[in-house]
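A.B. asks: Take this structure first; my questions come after.
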Number of protein chains: 4
Amino acid sequence: MRRNRVFGDLLSQLFERTGQFRGQDDRRSLPELCEALLSAEGEVSGYSLAATLLARYAQANDADRLAFFQSLNADFDIDAEQVAALARAYADTPSTETFRALSQAAEPRRQELLRRLNQPVGATHALVGMRTDLLRLLPVHPDLKRTDIDFMHLLRSWFNRGFLVLREIDWDTPARILDKIVDYEAVHQIDDLDDLRRRLNPADRRCFAFFHPSMPDEPLIFVEVALTSEIPGSIAALLEEERDPLDPADARAAVFYSISNCQKGLAGISFGNLLIKQVVTELSATLPSLQTFVTLSPIPGLNAWLSTKTDDAEIGAAVRSVLSAENPRDIPAEPLKALAARYLLTAKTDAGAPLDPVARFHLGNGAEIHDLHAAGDPSPNGLALSSGAMVNYLYDLRRTERNHEDFATNGTIAASRTVQTLSSTAPGPKSKESVA
Amino acid sequence: MRRNRVFGDLLSQLFERTGQFRGQDDRRSLPELCEALLSAEGEVSGYSLAATLLARYAQANDADRLAFFQSLNADFDIDAEQVAALARAYADTPSTETFRALSQAAEPRRQELLRRLNQPVGATHALVGMRTDLLRLLPVHPDLKRTDIDFMHLLRSWFNRGFLVLREIDWDTPARILDKIVDYEAVHQIDDLDDLRRRLNPADRRCFAFFHPSMPDEPLIFVEVALTSEIPGSIAALLEEERDPLDPADARAAVFYSISNCQKGLAGISFGNLLIKQVVTELSATLPSLQTFVTLSPIPGLNAWLSTKTDDAEIGAAVRSVLSAENPRDIPAEPLKALAARYLLTAKTDAGAPLDPVARFHLGNGAEIHDLHAAGDPSPNGLALSSGAMVNYLYDLRRTERNHEDFATNGTIAASRTVQTLSSTAPGPKSKESVA
Amino acid sequence: MRRNRVFGDLLSQLFERTGQFRGQDDRRSLPELCEALLSAEGEVSGYSLAATLLARYAQANDADRLAFFQSLNADFDIDAEQVAALARAYADTPSTETFRALSQAAEPRRQELLRRLNQPVGATHALVGMRTDLLRLLPVHPDLKRTDIDFMHLLRSWFNRGFLVLREIDWDTPARILDKIVDYEAVHQIDDLDDLRRRLNPADRRCFAFFHPSMPDEPLIFVEVALTSEIPGSIAALLEEERDPLDPADARAAVFYSISNCQKGLAGISFGNLLIKQVVTELSATLPSLQTFVTLSPIPGLNAWLSTKTDDAEIGAAVRSVLSAENPRDIPAEPLKALAARYLLTAKTDAGAPLDPVARFHLGNGAEIHDLHAAGDPSPNGLALSSGAMVNYLYDLRRTERNHEDFATNGTIAASRTVQTLSSTAPGPKSKESVA
Amino acid sequence: MRRNRVFGDLLSQLFERTGQFRGQDDRRSLPELCEALLSAEGEVSGYSLAATLLARYAQANDADRLAFFQSLNADFDIDAEQVAALARAYADTPSTETFRALSQAAEPRRQELLRRLNQPVGATHALVGMRTDLLRLLPVHPDLKRTDIDFMHLLRSWFNRGFLVLREIDWDTPARILDKIVDYEAVHQIDDLDDLRRRLNPADRRCFAFFHPSMPDEPLIFVEVALTSEIPGSIAALLEEERDPLDPADARAAVFYSISNCQKGLAGISFGNLLIKQVVTELSATLPSLQTFVTLSPIPGLNAWLSTKTDDAEIGAAVRSVLSAENPRDIPAEPLKALAARYLLTAKTDAGAPLDPVARFHLGNGAEIHDLHAAGDPSPNGLALSSGAMVNYLYDLRRTERNHEDFATNGTIAASRTVQTLSSTAPGPKSKESVA
C-alpha cells in the first residue's frame with residue numbers, strides 16, 4: 001500500500017530558506033526574545049521566534065542559561081498584588097469576567113511562554129532538556145524552584161497518561177532507540193548493543209516502554225521482563241549468558257527485574273505504576289499460561305538500617321552476624337531474610353511511610369511483599385546495600401486497588417504468609433498491627 | 001519487516017475482566033465520581049474511575065450533563081478567599097512555599113479533574129465532545145462560562161502546535177477518515193464519498209489536515225487545494241466535474257479554496273494560520289514549479305454592508321445597481337468588484353478591525369488582498385452574501401511577517417495595486433491611508 | 001518513529017530525465033522491441049526497454065496486440081527439432097551440459113521475455129492485464145493457447161502461495177482499495193462505497209483478501225464474512241440494512257457468504273482454498289467463541305438439472321411442483337430441499353465430479369455439505385438458478401484433509417446426517433454408496 | 001491511524017494445534033514426502049506437507065541432505081525418451097495439446113516440487129538455504145549440477161527485478177537487520193554494531209539494500225556510500241574514525257566504496273548493476289548538489305598479473321620496482337598507477353574480457369575507468385593484491401548504455417583521458433585500439 005506521508009521538519013527548512021528564521025541575525029537577548037514571543041509578534045511569527053530562542057538556548061553557556069532562568073523567575077512571574085485584588089473582587093462578586101482576569105493573572109507568564117516555545121519539531125524534547133538544566137541549578141539557586149513548579153505543572157499536563165504510547169522494545173526496534181535503552185538502563189548495567197541483544201533477543205525476554213508522540217525516539221520509562229517457570233530469587237541466574245531460553249508458551253511467571261526512568265527532565269512525574277499494570281495486562285492477554293507477575297527487586301535501604309541496629313537488644317546479634325561476614329558466602333541466609341522481612345514490614349520514615357524507597361513505590365502501587373532471597377544480588381553494589389538480599393513484589397491486579405487503599409488509608413503493608421513468618425522469626429517486636 | 005506493535009485498548013479490556021472496572025455497579029453520581037477521581041482512590045485507580053465516569057457521561061441525558069457542568073462550576077471552583085489570602089502573603093513575602101500553595105489554590109480543581117479524566121483510550125476525544133455540549137449549553141447558562149474558560153485553557157495547552165501532525169489526505173487515506181472529511185466540509189458541500197473522490201483523486205488536487213496523536217481518526221482542520229496554471233476567479237470552474245486534470249509538474253499556482261474546522265469542541269483554538277503556512281512550505285518543496293499561493297475566498301459580509309449604503313451620497317447609485325439586479329447575469333461586474341474592494345479596504349468593526357470575518361482571518365495571517373472577481377460563486381448562498389463576488393488572498397511567505405506586524409500595529413491592510421485601483425474607482429472617499 | 005523509506009517509481013523518472021527512456025522516440029515495432037529485450041541490449045538497458053515495451057503495448061489497439069501475441073506464439077516458440085535432438089542426446093548420455101542445453105531449448109523464449117518485461121514498477125500488474133487481453137482473444141484465435149500456457153506457467157510460479165499476503169479489509173483500508181472491492185464483488189453486488197460501508201463497517205462483519213507484494217493496490221481474491229449466533233439460511237436476512245450488529249464476542253458462527261476472484265488475468269490460478277482456511281485460522285485465533293465455519297452458498301446448477309428430470313419416473317412429480325410455482329412464495333420448501341440434496345449428492349459430470357461448480361470447489365477443499373435452505377436467495381437470479389435454494393458448506397479443519405482425500409480418491413461426498421436424510425426423502429434411488 | 005494488520009505465521013500455529021501438522025509423527029522419508037507433495041495429497045494439504053518437509057530437512061544431517069539432493073537429481077528428473085518423442089511429434093504437428101504435454105514433460109518434476117515447498121512462512125528463505133547446501137556439495141558431486149540448474153532457474157524467476165524492494169539502511173533500521181549487515185559485509189570488515197554505527201550514522205554516509213518481500217529481514221545485496229566534497233583515492237581516509245562529517249547539502253560526489261552480496265544461495269543471480277543505478281537515481285533526486293557518482297574499488301588481480309611480467313622486455317623494470325619494495329612507503333606511486341592503468345586497459349581473459357573481475361563487473365554495467373590511486377588501500381590484503389592501488393569507476397547514467405553496448409559488442413573499455421595517459425606512460429605497447 002502506498003503510505004500517507006507524515007511531515008516533519010520541512011517547516012524549519014522553510015524558515016531558513018525564506019530568511020524568516022532569524023536565529024543568526026537576531027541580536028536580541030534571550031529575555032528579549034521571550035518578551036517578543038509573548039507579544040503580537042509571537043502570534044504570527046511564533047514558530048520562527050521559538051526556533052530562534054531554542055537554538056540560542058542550545059548554544060548558550062551555563063551562565064547565560066542561569067540568567068535566562070532568573071529572568072523567567074523574576075520577570076515572568078505573577079503580579080501578586082493584582083492577583084490579591086482580583087481574588088478579593090471575585091470573592092465579593094463572582095463574575096465571569098473577574099474569573100477570567102483572575103485566571104490569567106494567577107498564571108505566571110512563563111507558562112504561556114513555555115507553551116509558545118513548544119512549536120518547532122523537537123521543541124518538546126528541548127523543553128524537557130531545559131528542565132534538566134534547571135534541576136541541576138536548583139540546589140545552588142533554590143529560589144528558581146518557583147520556575148520549576150511551572151515547568152512541572154506544564155509537563156505533567158503534557159505527559160498525561162492519555163497521551164502516552166506503550167511500545168514493545170525488541171530486536172526489531174530501530175537501533176537509534178536501542179542506543180537509548182543501553183544509555184538509560186539504571187538498575188543492571190548494559191554494556192553495549194551486543195550486551196543488549198542478550199537481554200532482548202531470547203524468546204523468554206520482553207521489554208516495554210512508554211513514549212510520547214512528540215518525542216518518538218526517546219523512551220520515557222522502560223521495564224525489562226523475564227519469562228520463567230518459577231519465581232526467581234537471584235538476578236545472576238536470571239541474566240546468565242549461557243541459558244537455554246524457555247519456550248514462552250511454557251512460562252508461568254513474568255518477572256519485572258529492571259525499571260528505568262529515562263528523562264531527568266521529567267523527574268517527579270510518575271509513569272511506573274501504570275507501565276507495570278499495562279504490561280501485566282498485555283502479557284496476560286498474549287501469554288495465557290502466565291499465572292504470576294512479580295518483581296525481583298533490590299532492598300537498597302537494608303544495610304543502612306541494619307547498621308543502626310547493631311546494638312539492638314533483641315536483633316543486635318543477628319544483625320552483627322550478617323554485617324560482620326567477611327566473605328559473601330559466609331552471610332547467614334536465614335537471619336538475613338528474617339531481618340529483611342522485619343525491615344520491610346516495620347522500618348518507617350518519620351511520616352510513617354516504609355523506609356525503603358523501592359518498597360514505597362511498589363506498595364504504593366498496591367503490590368504485596370511476596371518473598372525474600374539471600375544471595376540474590378552478589379554484585380559489589382548488592383552486597384554493600386543489602387548484603388545480597390532481594391525481594392519479590394507481587395502484582396495481583398485483583399487486589400492492587402484494595403491493597404493500595406489499605407496502604408494509603410491505614411499504612412497497612414500487604415505481605416505473604418511466608419514473609420510475615422520470616423519477620424516473626426527475627427528476634428524482637430513483631431509489630432503485628434501493620435501486616436495484612 | 002516485522003513491526004513493533006502499538007498497544008491500544010487492552011487496558012480497558014483488563015478492567016472489565018478483572019472487575020476493576022466498576023462502570024456497571026458503581027452507583028455513585030457523576031459529582032461523587034469526580035470527587036473520588038480527585039481523592040487518593042484516583043491515584044491508583046484513576047484509569048478505571050476515569051473510564052467509568054466517561055462511560056456514565058456518555059449515557060447521561062442533557063439534564064444530567066447540565067447538573068454535571070453545574071457541579072464542576074460551583075463545587076470544583078477556586079476558594080477565592082484563600083487565593084486572596086495567599087496572594088496577599090506572597091506579595092508580602094514571596095517564598096517558594098507560598099507560591100506553590102497559591103498556584104494550587106488559584107487553579108480550579110476541575111482542571112486537575114479534567115487531566116485525570118484524560119487517561120483511557122479515547123478520553124481526549126471524549127473531553128472535546130464534552131466541551132461541545134458545554135458550548136451548546138452556554139447561551140442558556142452563561143454562568144458556566146467559568147468552566148468553559150478552564151476547558152479552553154487545558155485544550156489550548158494540549159492542542160499546542162508542537163503536538164499536531166500534518167497529514168496529506170488523498171485516495172489512499174482510510175475510508176473512516178474520508179467519511180469525516182465529507183461530514184466536516186464547511187465551505188463547498190461534499191455529498192458523499194463518490195463526490196469526495198472527484199475532489200481528492202485528480203492529479204491536480206491536494207488536501208492536508210492537522211491531527212492530534214490521541215485522536216488519530218479525527219482531523220482537526222483541513223484545507224483543500226487546487227493546482228492551476230493561473231489564479232482562478234470562479235469556484236464553479238475550479239470544481240467542474242468534466243475537467244482535464246493539469247499535470248502537477250506544470251502547475252504555477254496553488255489555490256486554497258476551502259478551509260474547514262472539524263471539532264466544535266475546539267472552537268476558539270486557531271489552527272488555520274499554521275496549516276496554510278505549513279502547506280505552502282510542503283507544496284513549495286515538492287512542486288518547485290509553483291510560484292503563487294492564493295486563496296479563492298468568499299466575501300460573506302459584502303451584501304450586508306452594501307445594504308447599509310444604498311442611500312450613500314457617493315456610492316449609493318453603484319450599490320443599488322448591484323443589489324437591484326434581478327438576474328445574476330445582470331449584476332454589473334465592474335461596480336461589484338470596485339465596491340468589494342472598497343468594502344474590504346475600508347469597512348471596519350467598532351474595534352477597528354476589518355468588518356469581513358474571512359478578511360480578518362487572512363489579513364491577520366499576513367496575507368494580502370490580491371484580486372477580486374465578479375460571478376465567482378453563482379450559488380444561491382454566494383449570490384445572497386456577496387452577489388457572487390469572490391476574492392483571492394495571496395500568501396507570500398517572504399512578506400507575511402511584515403504584513404502581519406503592520407496590520408497588528410497600525411491596522412494597515414496589504415493589497416495589490418489592482419485592488420487598490422479598483423477601490424479607488426468606486427465613487428467616494430478612498431481612505432488611502434490604510435492601504436499599503 | 002521515523003520510518004525507513006521504501007522507494008518507488010523514481011527509476012522510471014530517471015529514465016525520462018536522462019533520456020534513457022526511449023519510449024517516445026524508439027520507432028521499433030513491438031516484436032523488434034521484444035528481440036532487443038532478449039539481446040545483449042536487454043541486459044543493461046532492460047529496465048528502460050521493458051518500460052518502453054509496456055508503454056507501447058498500453059497504447060496499442062487490439063489489432064496490434066493480436067499481432068504482438070501472434071509474434072510471441074510463432075517467433076518466440078521452441079525449436080522442436082532442436083529439443084528432439086537434445087532430448088535424444090540426453091536419453092543416450094545424460095550429461096549436465098546436454099541437460100542445460102535441453103532445459104534452455106525446451107523453454108519457449110517468450111518465457112524469458114516475460115521475465116525481463118517484469119522490471120519497471122507496475123510491470124507485474126501490466127503482465128496480468130496482458131493475459132486478460134490474451135484470454136479475450138483466445139476463443140477466436142485458439143492457436144494462441146500455446147502462449148497462454150506460458151503466461152499461466154509463469155504467473156502460477158510468481159503468485160505462489162509463499163508470496164501472497166493476507167490482509168484484513170475494513171473501514172480503515174485506503175479508499176483506493178475499497179473501490180476495487182466494490183468493482184470486483186461478483187456474488188452479491190455492491191453499489192458504491194456507501195453500500196460497502198454497510199458490508200464492512202458493522203462490528204459483526206469481516207473481509208479478508210490476498211495481495212501480491214508487487215500489486216499492493218490490487219486484491220487478488222477476497223471473502224466476506226458475517227459473524228452470527230447461528231447458521232443462517234437466507235442471504236437477504238444476512239444483508240438486511242436495519243440489523244442490530246451482533247457483539248463479535250457473542251458470535252458462534254462465521255459465515256462465508258461471498259468469495260470473489262478479482263483478476264481475470266489470473267484465471268486458472270486458484271487462491272480460494274487457502275484463503276478460506278487461513279481466514280478460518282485467523283478468526284479462530286481472535287474470536288475464541290466461534291464454533292462453526294460455514295458458507296452460505298448458491299446452487300447455480302440446480303434448476304438446469306431439475307429441468308432434465310421433469311419426466312423422471314421417481315422424482316418427476318416433485319420436480320414439477322417446484323418448477324411450476326408461479327409465485328416464489330408458492331415454491332414448496334421440503335421437496336425443494338430434498339431435490340437440492342439429491343442433486344448435490346448424486347448429479348455428476350461425465351468425469352464423475354459433482355455437477356454443481358460451487359459444490360466442486362468446496363468439496364474439493366475438503367468441506368462438507370451441511371444444510372439446505374429454501375427461500376434463501378429470493379433475488380431474480382437466485383430464483384432462476386435454484387428456485388431460491390441455498391446451501392451451507394461446513395469447514396471443519398480437523399476433517400478437511402481426510403474429506404479431500406476421500407473425495408479425490410473415491411469421489412466420496414461428505415454430507416451431514418440432515419442432508420443425507422433430506423436426499424433420501426426425495427423419491428428415487430438414494431445412491432448411498434457415495435455418501436460419507 | 002489504526003493499521004490494517006498483516007498476518008504472519010498464524011497458519012503454522014494452526015497446523016500444530018489441529019494436528020494437521022504431522023512433522024513429528026510423519027515417519028515417511030524425505031523422498032517419500034516429496035512424492036506426497038506432488039500427489040493429490042499435496043493439493044489440499046500442501047501447506048502442511050511443505051512445512052513438514054522443510055522442518056525435516058532443517059533437522060537432517062549432511063548425509064541425509066545429500067541423499068535428498070540425489071533423489072531430486074535422479075527421481076525427479078525428466079523422462080528424456082518421452083521428451084524426445086513429444087518434441088518429435090510437435091515438430092511434425094505443432095498442436096496445442098502436444099505443446100502442453102511437451103512443456104510439462106520437459107520441466108523436471110523437481111521444479112514443481114520446489115514451487116509447492118514454497119508455501120509456509122519462511123519457505124523462500126529456507127529454499128535459498130537449501131541451494132547454499134547444494135552449492136557446497138557440488139564440487140564433490142558434480143552430477144548434482146542438473147538439480148542446481150533447476151534451483152537457479154526458479155530463483156532467478158522469483159528474484160526478478162520487479163519483485164525487489166530498495167530500502168535505505170540507517171540507524172533507524174531494526175537491529176535484527178543491522179546484524180545482517182555486519183555479518184554480510186564482504187569488502188571492508190565491520191566488527192560489531194558499534195562499528196556499524198560509525199559507518200551508518202554520520203550525516204555524510206548512506207547505505208541501501210535490495211530486499212525480497214518474502215524475506216523481509218534478509219538483505220540480498222547492499223551498497224555503502226560516502227558523500228564527499230571530491231573524489232577520494234584512499235579507503236583509510238574515507239573510513240577514518242575521527243572525521244568531521246560533511247554537510248550532505250555540500251556534497252559533490254557520492255562514492256560507492258563497498259558492495260556486498262548477502263545470500264550464498266542466490267549466487268549467479270546478479271543484483272549489483274541495478275542496485276547501483278537505482279541508488280544513483282535516488283541520490284540524484286534527494287541531493288541535487290551531487291555531480292559525480294564513482295566507486296572506490298580494489299584491483300584484486302593486479303599483482304598476480306604484474307608477477308607474470310617481471311621479465312617483460314618493456315615494463316619488467318617498472319614491475320620489479322613496484323613488487324620489490326620492502327616497505328609500503330617505498331612503493332613508487334607513478335609506476336604503480338601507470339601499470340595499473342595498463343593492466344585494466346589491456347589485460348584480458350582467454351575469452352577477451354577484462355582480466356580483473358571487479359573491472360568486468362563495472363565495465364559490464366557501462367561504467368568508465370575514471371582515476372587511479374597509489375596507497376589507496378594500505379591493509380595487508382590491499383598490499384598483497386594490488387600493492388595498495390585503488391581505482392574509481394565512474395557511473396554517468398547518460399553514457400552507461402552506450403558504454404555497455406560498445407563494451408559488449410566491441411570489447412571497448414571506456415576510460416578517462418587521465419587513465420589513458422597513465423597507461424601510455426607505462427613502457428611497452430599502448431594498445432590504443434581498445435580505448436574509447
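By convention in this document, the chains of the C-alpha cells carry letters A, B, ... by their order, each chain's residues are numbered from 1, and ligands are numbered from 1 in the order they are shown.
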Residues of chain C no more than 7 Å from chain B, counting only C-alpha atoms: send them over as a PyMOL selection string.

C.D. replies: chain C and resi 171-176+193

A.B. asks: Once DSSP has gone over the backbone, tell me which residues of region 150-207 of chain D are in alpha helix (DSSP H), as a PyMOL selection string.

C.D. replies: chain D and resi 150-158+175-184+193-200

A.B. asks: Skip Ala63 (chain B) itself and residues of its chain fewer than 6 positions away, then list as a count of residues only all residues within 12 Å of it, counting only C-alpha atoms.

C.D. replies: 5

A.B. asks: Would you kindly return, as number ranges by chain, each protein, DNA or RNA residue with an atom no farther than 12 Å from any atom of Arg146 (chain C), considering only C-alpha atoms and excluding same-chain residues fewer than 4 positions away?

C.D. replies: C: 69-74, 76-78, 107-108, 110-111, 134-135, 138, 141-142, 150-153; D: 90, 94-103

A.B. asks: Out of D:Leu422, D:Val294, D:Ala285, D:Ile413, which residue has the shortest atom-to-atom distance to Ala333 (chain D) when counting only C-alpha atoms?

C.D. replies: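 Between D:Leu422, D:Val294, D:Ala285, D:Ile413, the residue approaching Ala333 (chain D) most closely is D:Leu422.
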
A.B. asks: For Leu37 (chain C), find every residue with an atom within 8 Å (counting only C-alpha atoms), except residues of its own chain fewer than 4 positions away, and show them as a ChimeraX atom specification.

C.D. replies: /C:33,41-43,46,49-50,113,116

A.B. asks: Could you state the separation of CA of Glu240 (chain B) and CA of Asp396 (chain B) in Å, given to one decimal place?

C.D. replies: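 About the pair CA of Glu240 (chain B) and CA of Asp396 (chain B): they are 27.5 Å apart.
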
A.B. asks: Pick out the residues sitting within 12 Å of region 306-320 of chain A, and hand them over as a PyMOL selection string; count only C-alpha atoms, and ignore anything fewer than 6 positions along from it in its own chain.

C.D. replies: chain A and resi 299-300+326+331-344+347+384-387+423-430

A.B. asks: One decimal, in Å: what's the spacing between CA of Ile369 (chain D) and CA of Ile269 (chain D)?

C.D. replies: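 Pair CA of Ile369 (chain D) / CA of Ile269 (chain D) returns 24.5 Å.
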
A.B. asks: Mind the document's chain letters and residue numbers, and return as a list in words the residues of region 48-178 of chain C that DSSP labels strand (DSSP E).

C.D. replies: Val165, Leu166, Arg167 and Glu168 of chain C

A.B. asks: Output C-alpha atoms of each residue in that selection to a file, as a PDB file, in the first residue's frame.

C.D. replies:
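Listed below is the output, result34.pdb:
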```
ATOM      1  CA  VAL C 165      -0.088 -11.641   1.832  1.00  0.00           C
ATOM      2  CA  LEU C 166      -3.379 -11.871   3.715  1.00  0.00           C
ATOM      3  CA  ARG C 167      -4.811  -8.519   4.743  1.00  0.00           C
ATOM      4  CA  GLU C 168      -7.996  -7.603   6.514  1.00  0.00           C
TER       5      GLU C 168
END
```

A.B. asks: What is the distance, in Å and to one decimal place, between CA of Leu114 (chain A) and CA of Glu32 (chain A)?

C.D. replies: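 Between CA of Leu114 (chain A) and CA of Glu32 (chain A) the gap works out to 14.6 Å.
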